[in-house]
Each structure stands twice: as structure tokens, then as C-alpha cells.
Amino acid sequence: MAKEAKLPINKGLSKEDQLAFYRDMVRIRRFEERSLRVYQQGKIGGFLHLYIGQESIAVGCASLMGEHDHMITAYRNHGHGLAVGMGMNECMAELLGKATGCSKGKGGSMHYFAPDKNYWGGHGIVGGQVPLGTGIAYALKYKGLTGSCMTFMGDGAINQGAVHEAYNLAALWDLPAIFIIENNGYSMGTSQERSSSHPEHGLAARAEGYNMAWEHVNGESIFAIRDGVGRAIERAHKESKPTLLEIHTYRYQGHSVADANAKKYRTKEEIDDYRKNHDPLNVYRLYLLDQKIMSEDEMKEIDNAAKKEAEDAAKFADESDFPSVESITEDVYWEADNPDQRASQGRLFFND
Ligand SMILES: Cc1ncc(C[n+]2csc(CCOP(=O)(O)OP(=O)(O)O)c2C)c(N)n1
């Protein structure tokens with residue numbers, strides 16, 4: 001890990017930068033742990049897909065975002081939302097379906113959105129976000145902006161047809177698209193080995209078929225993530241070319257918290273090994289201590305603050321109101337809510 005910290009993009013990081021990465025990862029973990037308890041109290045309807053174990057990816061990627069860099073992801077979307085700066089209150093309230101939630105309580109766990117932070121959610125159809133992310137990259141190029149769109153997907157999404165149509169167009173049209181496979185080894189209860197046919201070089205090597213650059217990245221190291229993603233952002237900004245990254249990671253919880261078989265398709269030894277030896281938060285924590293960048297006391301302080309923030313958010317969400325019945329038809333079509341800005345064929349976004 002110490003060696004990886006010296007990777008080019010991580011040179012010259014200040015103590016504040018490194019502390020912020022740690023704080024952001026801890027905030028995601030404590031938020032998720034608190035939301036699991038809220039779920040167990042029966043206050044969350046529908047699904048809850050936890051990101052615990054993958055925090056380094058969202059935080060590493062968000063730490064590299066500039067003015068015109070965007071993010072879009074699938075349903076395991078809490079980590080990315082918090083990493084780009086969404087507040088715990090609006091995130092927790094959304095889980096409970098409250099009007100104070102980021103999607104006014106109408107989206108729930110799978111549909112966090114913060115367009116003001118270049119964060120385009122939160123999508124439940126496996127692979128459905130990939131053509132959308134490619135469209136954002138297209139819009140950037142169309143508008144002549146120097147930016148990129150990071151589109152996250154699970155290893156299960158890689159076999160969805162629309163994903164490959166999007167890869168093809170991104171490569172064909174030289175779009176500043178960054179496709180990030182968060183390979184946590186399983187799609188629901190099926191291991192990647194049993195669901196994906198792939199060449200010797202894994203899922204990322206499928207990019208070869210599209211003449212697209214690709215890389216494998218070690219997801220347990222935030223520095224390795226920043227390094228690989230940094231290169232992809234540079235390629236997008238300077239050459240307007242896409243990249244496919246396969247970041248190797250793990251999730252400790254089941255597919256969703258309603259996954260009763262979470263411990264059946266993976267051995268206890270496998271889960272314990274990841275927790276003990278490959279946990280991105282712990283690996284980073286040990287690095288910060290070893291390099292004397294942070295003390296145990298500073299870490300405790302960050303941890304306590306994150307726990308309190310999550311506790312306060314749970315209270316805020318609990319005390320918030322549900323959306324009114326009258327509001328059920330709002331936020332379905334932009335044009336219905338904004339008759340004065342009527343547009344056709346989606347040209348509104350491209351015209352502004
Ligand atoms: C088109 C489509 N097919 C099936 C599903 C049901 N489904 C939801 S999640 C999932 C597995 C996806 O696994 P992966 O992409 O590896 O993501 P992970 O949950 O591991 O982060 C499936 C099959 C769906 N939501 N959409």
C-alpha cells in the first residue's frame with residue numbers, strides 16, 4: 001500500500017486531502033450501517049443495497065472530479081451520492097420515502113440524484129445507466145466541454161446487450177466516457193465465474209473488441225483507484241477517448257439486505273478473509289497510522305462525528321413527512337411540471 005501511495009496522481013497529496021478521503025469513506029460506512037438498522041426496524045420499503053466494502057471506489061473517483069466530470073451508477077448508489085457531497089439527511093430521508101429526501105421520497109434507496117453535483121443517479125435496470133452515461137459523455141463533446149462521465153456498473157451488467165451498444169458508440173465516436181465495472185465477484189447470488197465468459201484477462205479485456213483502452217484496478221487501495229481513474233480522466237479530457245476499468249472489490253452484505261441466502265453462495269472464510277485482509281477502509285487506516293499521517297485519536301474523532309451525523313439523519317428522516325398524495329403526478333415528466341419550458345425530442349439539454 002505504501003508503495004502504491006507513490007503512484008503519480010497521489011504525489012503531493014496534503015494531510016487534509018488524505019484526511020478527507022478517510023472521512024468520506026467512514027461517512028459512507030457509518031451511514032450504511034445506520035441505514036441497515038433503520039431497515040431492520042421496518043421503516044424502509046422496497047430494497048436496500050449496501051455498498052459496505054466498496055467505499056474506496058466512490059471516494060477515489062469523486063476525489064478526481066472537476067467542473068465538467070459527471071457520475072452515473074446503478075442501484076447500489078448511496079456511496080457515490082455521499083462521495084460527491086450529498087447530505088446524510090436528504091439521503092436517509094429518501095430511504096424512508098419522505099418528502100425531504102433527495103428525490104422527494106419518490107425514488108427510495110435505488111434512486112439518489114444530485115444534478116447540481118453532476119450526479120445522475122441511481123438506476124434499477126441492470127446496465128440501463130450505461131447508455132445514459134454514454135449520452136452524457138456525448139453531450140459534453142457536443143457542447144465542446146472538457147469533461148468526462150464515469151459510468152459505474154456491476155460485473156453482472158457486463159452481459160447486458162445495451163452495455164455493448166454503448167461501448168461500441170463510445171469508442172466509435174471517441175467519447176469522453178469512463179466505464180467502471182465494480183467487480184465485487186457476484187451478481188445477486190451467482191459468482192462472476194459462473195455468469196460471465198471472459199478471456200484470460202477478465203471482463204475489462206472485452207474492451208479490446210471495441211478498440212478501447214482498459215485496465216484492471218485494485219479496489220482495496222484508494223491510491224490505486226485514483227491512479228487508474230486519473231489516467232482515464234486524462235485520456236477523456238486530452239484525447240476525448242473512452243476507457244473501461246475493472247475495479248476488483250467485494251461486498252460484505254448480501255445482494256440486498258433482503259438476500260436471505262447471503263451466506264449460502266459464499267463461504268464464511270471468504271467473507272472473513274476480505275474483512276480482515278482486504279477491507280479498503282482498514283487498509284487505508286493502517287497506512288495512515290503507519291505513515292503517521294493521522295493518529296488513532298483523530299480517527300476516533302472522525303468516526304464519532306460520522307456516527308452522530310448518521311444518527312441525526314435517522315432522526316431527521318423519521319420526523320419528516322411523507323410526500324402529499326396530490327404530489328404523486330409531479331416529477332414524472334419535466335414538460336408537465338414546466339409548461340413554460342416546453343421542448344420536444346429532448347433538445348432542451350443540448351440547447352442550453
Ligand atoms: C435488465 C435487468 N435484469 C435483471 C434485473 C434483476 N437484477 C437486479 S440486480 C441483478 C444482479 C446485478 O449484479 P451486478 O451487476 O454484479 O451488481 P452488484 O449488485 O453486484 O453490485 C439482477 C439480475 C434487473 N434489475 N434488470
# chains A, B, ... in the order shown; residues from 1 in each chain; ligands from 1

$ residues_around --residues "A:Ala317" --least-positions-apart "6" --cutoff "8 Å" --atoms "only C-alpha atoms" --output "number ranges by chain"
A: 89-90, 92-94, 96, 98, 100

$ residues_near_ligand --ligand "ligand 1" --cutoff "9 Å" --atoms "only C-alpha atoms and all ligand atoms" --output "number ranges by chain"
A: 49-51, 74-76, 123-128, 153-160, 181-192, 250-251, 254-256

$ write_last_selection --atoms "N, CA and C atoms" --output "compact mmCIF listing (two decimals), in the first residue's frame"
# COMPACT_ATOMS: atom_id res chain seq x y z
N HIS A 49 -29.68 -1.84 -1.04
CA HIS A 49 -28.44 -2.47 -1.49
C HIS A 49 -27.28 -1.71 -0.85
N LEU A 50 -26.53 -2.38 0.01
CA LEU A 50 -25.46 -1.69 0.73
C LEU A 50 -24.12 -1.76 -0.01
N TYR A 51 -23.34 -0.71 0.18
CA TYR A 51 -22.08 -0.52 -0.55
C TYR A 51 -20.88 -0.88 0.33
N ALA A 74 -25.66 2.44 -10.89
CA ALA A 74 -26.81 1.54 -10.79
C ALA A 74 -27.52 1.75 -9.45
N TYR A 75 -28.15 0.70 -8.97
CA TYR A 75 -28.96 0.83 -7.75
C TYR A 75 -28.14 0.84 -6.47
N ARG A 76 -26.86 0.39 -6.51
CA ARG A 76 -26.03 0.39 -5.30
C ARG A 76 -25.38 1.77 -5.23
N HIS A 123 -29.90 3.90 -10.87
CA HIS A 123 -30.82 3.28 -11.83
C HIS A 123 -31.00 1.78 -11.57
N GLY A 124 -32.25 1.34 -11.64
CA GLY A 124 -32.58 -0.03 -11.22
C GLY A 124 -32.51 -1.10 -12.29
N ILE A 125 -32.52 -0.71 -13.55
CA ILE A 125 -32.45 -1.71 -14.62
C ILE A 125 -30.99 -2.04 -14.85
N VAL A 126 -30.63 -3.29 -14.67
CA VAL A 126 -29.22 -3.66 -14.79
C VAL A 126 -28.67 -3.20 -16.14
N GLY A 127 -27.63 -2.40 -16.10
CA GLY A 127 -26.99 -1.89 -17.32
C GLY A 127 -27.68 -0.68 -17.93
N GLY A 128 -28.87 -0.33 -17.44
CA GLY A 128 -29.65 0.76 -18.04
C GLY A 128 -28.96 2.11 -17.98
N MET A 153 -20.91 0.24 -13.12
CA MET A 153 -21.81 -0.91 -13.30
C MET A 153 -21.23 -2.09 -12.54
N GLY A 154 -22.09 -3.08 -12.24
CA GLY A 154 -21.60 -4.28 -11.57
C GLY A 154 -21.08 -5.27 -12.59
N ASP A 155 -20.44 -6.33 -12.10
CA ASP A 155 -19.92 -7.35 -13.01
C ASP A 155 -21.06 -8.08 -13.72
N GLY A 156 -22.26 -8.08 -13.12
CA GLY A 156 -23.40 -8.74 -13.74
C GLY A 156 -23.91 -7.96 -14.95
N ALA A 157 -23.71 -6.65 -14.94
CA ALA A 157 -24.23 -5.79 -16.01
C ALA A 157 -23.48 -5.97 -17.31
N ILE A 158 -22.30 -6.50 -17.22
CA ILE A 158 -21.44 -6.61 -18.40
C ILE A 158 -22.03 -7.52 -19.47
N ASN A 159 -23.00 -8.35 -19.10
CA ASN A 159 -23.60 -9.24 -20.09
C ASN A 159 -24.91 -8.70 -20.67
N GLN A 160 -25.23 -7.47 -20.36
CA GLN A 160 -26.47 -6.86 -20.83
C GLN A 160 -26.20 -6.22 -22.20
N ILE A 181 -16.37 -0.99 -14.12
CA ILE A 181 -17.02 -2.20 -13.61
C ILE A 181 -16.58 -2.35 -12.15
N GLU A 182 -17.54 -2.27 -11.23
CA GLU A 182 -17.21 -2.52 -9.83
C GLU A 182 -17.39 -4.03 -9.65
N ASN A 183 -16.32 -4.76 -9.84
CA ASN A 183 -16.42 -6.22 -9.81
C ASN A 183 -16.30 -6.73 -8.38
N ASN A 184 -17.49 -6.96 -7.78
CA ASN A 184 -17.49 -7.49 -6.40
C ASN A 184 -17.66 -9.01 -6.40
N GLY A 185 -17.50 -9.60 -7.56
CA GLY A 185 -17.44 -11.07 -7.64
C GLY A 185 -18.78 -11.76 -7.83
N TYR A 186 -19.88 -11.07 -7.56
CA TYR A 186 -21.20 -11.73 -7.60
C TYR A 186 -22.26 -10.83 -8.21
N SER A 187 -23.15 -11.44 -9.02
CA SER A 187 -24.36 -10.72 -9.41
C SER A 187 -25.49 -11.46 -8.70
N MET A 188 -26.14 -10.79 -7.82
CA MET A 188 -27.06 -11.42 -6.86
C MET A 188 -26.31 -12.61 -6.25
N GLY A 189 -26.80 -13.84 -6.42
CA GLY A 189 -26.12 -14.97 -5.78
C GLY A 189 -25.25 -15.78 -6.72
N THR A 190 -24.99 -15.24 -7.91
CA THR A 190 -24.21 -16.00 -8.89
C THR A 190 -22.80 -15.43 -9.04
N SER A 191 -21.82 -16.28 -8.87
CA SER A 191 -20.44 -15.77 -8.95
C SER A 191 -20.13 -15.39 -10.39
N GLN A 192 -19.18 -14.48 -10.51
CA GLN A 192 -18.81 -13.97 -11.83
C GLN A 192 -18.30 -15.11 -12.72
N TYR A 250 -15.22 -6.05 -3.21
CA TYR A 250 -16.03 -7.08 -2.54
C TYR A 250 -17.13 -6.40 -1.74
N ARG A 251 -18.29 -7.05 -1.65
CA ARG A 251 -19.33 -6.52 -0.75
C ARG A 251 -19.55 -7.54 0.36
N GLY A 254 -25.31 -9.09 1.69
CA GLY A 254 -25.91 -9.80 0.57
C GLY A 254 -26.16 -8.85 -0.59
N HIS A 255 -26.74 -9.37 -1.66
CA HIS A 255 -27.06 -8.52 -2.81
C HIS A 255 -27.88 -7.32 -2.35
N SER A 256 -28.96 -7.59 -1.61
CA SER A 256 -29.67 -6.52 -0.89
C SER A 256 -29.84 -7.07 0.52

$ atom_distance --atom1 "atom CA of A:Arg30" --atom2 "atom CA of A:Lys292"
23.9 Å

$ closest_residue --among "A:Ile222, A:Val257, A:Val38, A:Ile178" --to "A:Ala236" --atoms "only C-alpha atoms"
A:Ile178

$ closest_residue --among "A:Lys308, A:Lys106, A:Lys300, A:Arg235" --to "A:Val325" --atoms "only C-alpha atoms"
A:Lys106

$ residues_around --residues "A:Leu64" --least-positions-apart "3" --cutoff "8 Å" --atoms "only C-alpha atoms" --output "PyMOL selection string"
chain A and resi 60-61+226+230

$ write_last_selection --atoms "C-alpha atoms" --output "mmCIF file, in the first residue's frame"
data_model
loop_
_atom_site.group_PDB
_atom_site.id
_atom_site.type_symbol
_atom_site.label_atom_id
_atom_site.label_comp_id
_atom_site.auth_asym_id
_atom_site.auth_seq_id
_atom_site.Cartn_x
_atom_site.Cartn_y
_atom_site.Cartn_z
ATOM 1 C CA GLY A 60 -11.405 7.706 -5.003
ATOM 2 C CA CYS A 61 -13.394 8.593 -8.131
ATOM 3 C CA ARG A 226 -7.066 7.318 -8.094
ATOM 4 C CA GLY A 230 -6.808 9.526 -13.087
#

$ select_by_dssp --residues "stretch 90-296 of chain A" --states "helix (DSSP H, G or I)" --output "JSON, numbers by chain"
{"A": [90, 91, 92, 93, 94, 95, 115, 116, 117, 129, 130, 131, 132, 133, 134, 135, 136, 137, 138, 139, 140, 141, 142, 143, 157, 158, 159, 161, 162, 163, 164, 165, 166, 167, 168, 169, 170, 171, 172, 192, 193, 194, 195, 203, 204, 205, 206, 207, 208, 209, 210, 222, 223, 224, 225, 226, 227, 228, 229, 230, 231, 232, 233, 234, 235, 236, 237, 238, 239, 268, 269, 270, 271, 272, 273, 274, 275, 276, 277, 278, 280, 281, 282, 283, 284, 285, 286, 287, 288, 289, 290, 296]}

$ closest_atom_pairs --of "stretch 202-244 of chain A" --to "stretch 139-147 of chain A" --cutoff "8 Å" --atoms "only C-alpha atoms" --output "tab-separated table"
residue	atom	partner	partner_atom	distance
A:Ile233	CA	A:Gly147	CA	7.9
A:Ala236	CA	A:Gly147	CA	6.9
A:His237	CA	A:Thr146	CA	5.4
A:Lys238	CA	A:Thr146	CA	7.9
A:Ser240	CA	A:Lys141	CA	7.8

$ write_last_selection --atoms "C-alpha atoms" --output "PDB file, in the first residue's frame"
ATOM      1  CA  ILE A 233      -9.865  11.088 -16.901  1.00  0.00           C
ATOM      2  CA  ALA A 236     -11.063  11.655 -21.697  1.00  0.00           C
ATOM      3  CA  HIS A 237     -10.012  15.271 -21.225  1.00  0.00           C
ATOM      4  CA  LYS A 238      -6.996  15.359 -23.546  1.00  0.00           C
ATOM      5  CA  SER A 240     -11.707  12.537 -25.864  1.00  0.00           C
TER       6      SER A 240
END

$ residues_around --residues "stretch 271-283 of chain A" --least-positions-apart "6" --cutoff "8 Å" --atoms "only C-alpha atoms" --output "list in words"
Met1, Tyr22, Met25, Val26, Gly53, Gln54, Glu55, Ser56, Gly219, Glu220, Ser221, Ile222, Tyr250 and Tyr252 of chain A

$ residues_around --residues "stretch 199-207 of chain A" --least-positions-apart "5" --cutoff "7 Å" --atoms "only C-alpha atoms" --output "PyMOL selection string"
chain A and resi 212-216+244-246

$ write_last_selection --atoms "N, CA and C atoms" --output "mmCIF file, in the first residue's frame"
data_model
loop_
_atom_site.group_PDB
_atom_site.id
_atom_site.type_symbol
_atom_site.label_atom_id
_atom_site.label_comp_id
_atom_site.auth_asym_id
_atom_site.auth_seq_id
_atom_site.Cartn_x
_atom_site.Cartn_y
_atom_site.Cartn_z
ATOM 1 N N MET A 212 -10.883 -0.165 -27.358
ATOM 2 C CA MET A 212 -10.967 0.813 -26.263
ATOM 3 C C MET A 212 -9.877 0.497 -25.232
ATOM 4 N N ALA A 213 -9.299 1.532 -24.620
ATOM 5 C CA ALA A 213 -8.277 1.311 -23.590
ATOM 6 C C ALA A 213 -8.916 0.645 -22.368
ATOM 7 N N TRP A 214 -8.180 -0.196 -21.670
ATOM 8 C CA TRP A 214 -8.721 -0.857 -20.482
ATOM 9 C C TRP A 214 -7.626 -1.120 -19.464
ATOM 10 N N GLU A 215 -8.067 -1.308 -18.210
ATOM 11 C CA GLU A 215 -7.123 -1.562 -17.121
ATOM 12 C C GLU A 215 -7.814 -2.330 -16.018
ATOM 13 N N HIS A 216 -7.041 -3.109 -15.274
ATOM 14 C CA HIS A 216 -7.534 -3.700 -14.024
ATOM 15 C C HIS A 216 -7.040 -2.821 -12.883
ATOM 16 N N LEU A 244 -12.281 1.540 -20.321
ATOM 17 C CA LEU A 244 -13.023 0.572 -19.499
ATOM 18 C C LEU A 244 -12.113 0.126 -18.357
ATOM 19 N N LEU A 245 -12.562 0.364 -17.134
ATOM 20 C CA LEU A 245 -11.784 -0.044 -15.963
ATOM 21 C C LEU A 245 -12.532 -1.137 -15.218
ATOM 22 N N GLU A 246 -11.821 -2.159 -14.808
ATOM 23 C CA GLU A 246 -12.419 -3.198 -13.965
ATOM 24 C C GLU A 246 -11.774 -3.072 -12.594
#

$ closest_residue --among "A:Ala5, A:Met71, A:Leu172, A:Glu319" --to "A:Gln129" --atoms "only C-alpha atoms"
A:Met71

$ closest_residue --among "A:Leu36, A:Cys91, A:Lys241, A:His164" --to "A:Tyr138" --atoms "only C-alpha atoms"
A:Lys241

$ atom_distance --atom1 "atom CA of A:Lys263" --atom2 "atom CA of A:Ile44"
22.5 Å

$ closest_residue --among "A:Ile72, A:Ile328, A:Cys102, A:Ile302" --to "A:Tyr119" --atoms "only C-alpha atoms"
A:Ile72

$ closest_residue --among "A:Gly12, A:Gly87, A:Asp290, A:Arg285" --to "A:Glu309" --atoms "only C-alpha atoms"
A:Gly87

$ residues_around --residues "A:Leu95" --least-positions-apart "4" --cutoff "10 Å" --atoms "only C-alpha atoms" --output "list in words"
Ser35, Val38, Tyr39, Lys43, Ile44, Gly45, Gly46, Phe47, Leu48, His78, Glu90, Cys91, Gly101, Cys102, Ser103, Gly105, Lys106, Gly107, Gly108, Ser109, Met110, His111, Tyr112, Ala314 and Ala317 of chain A
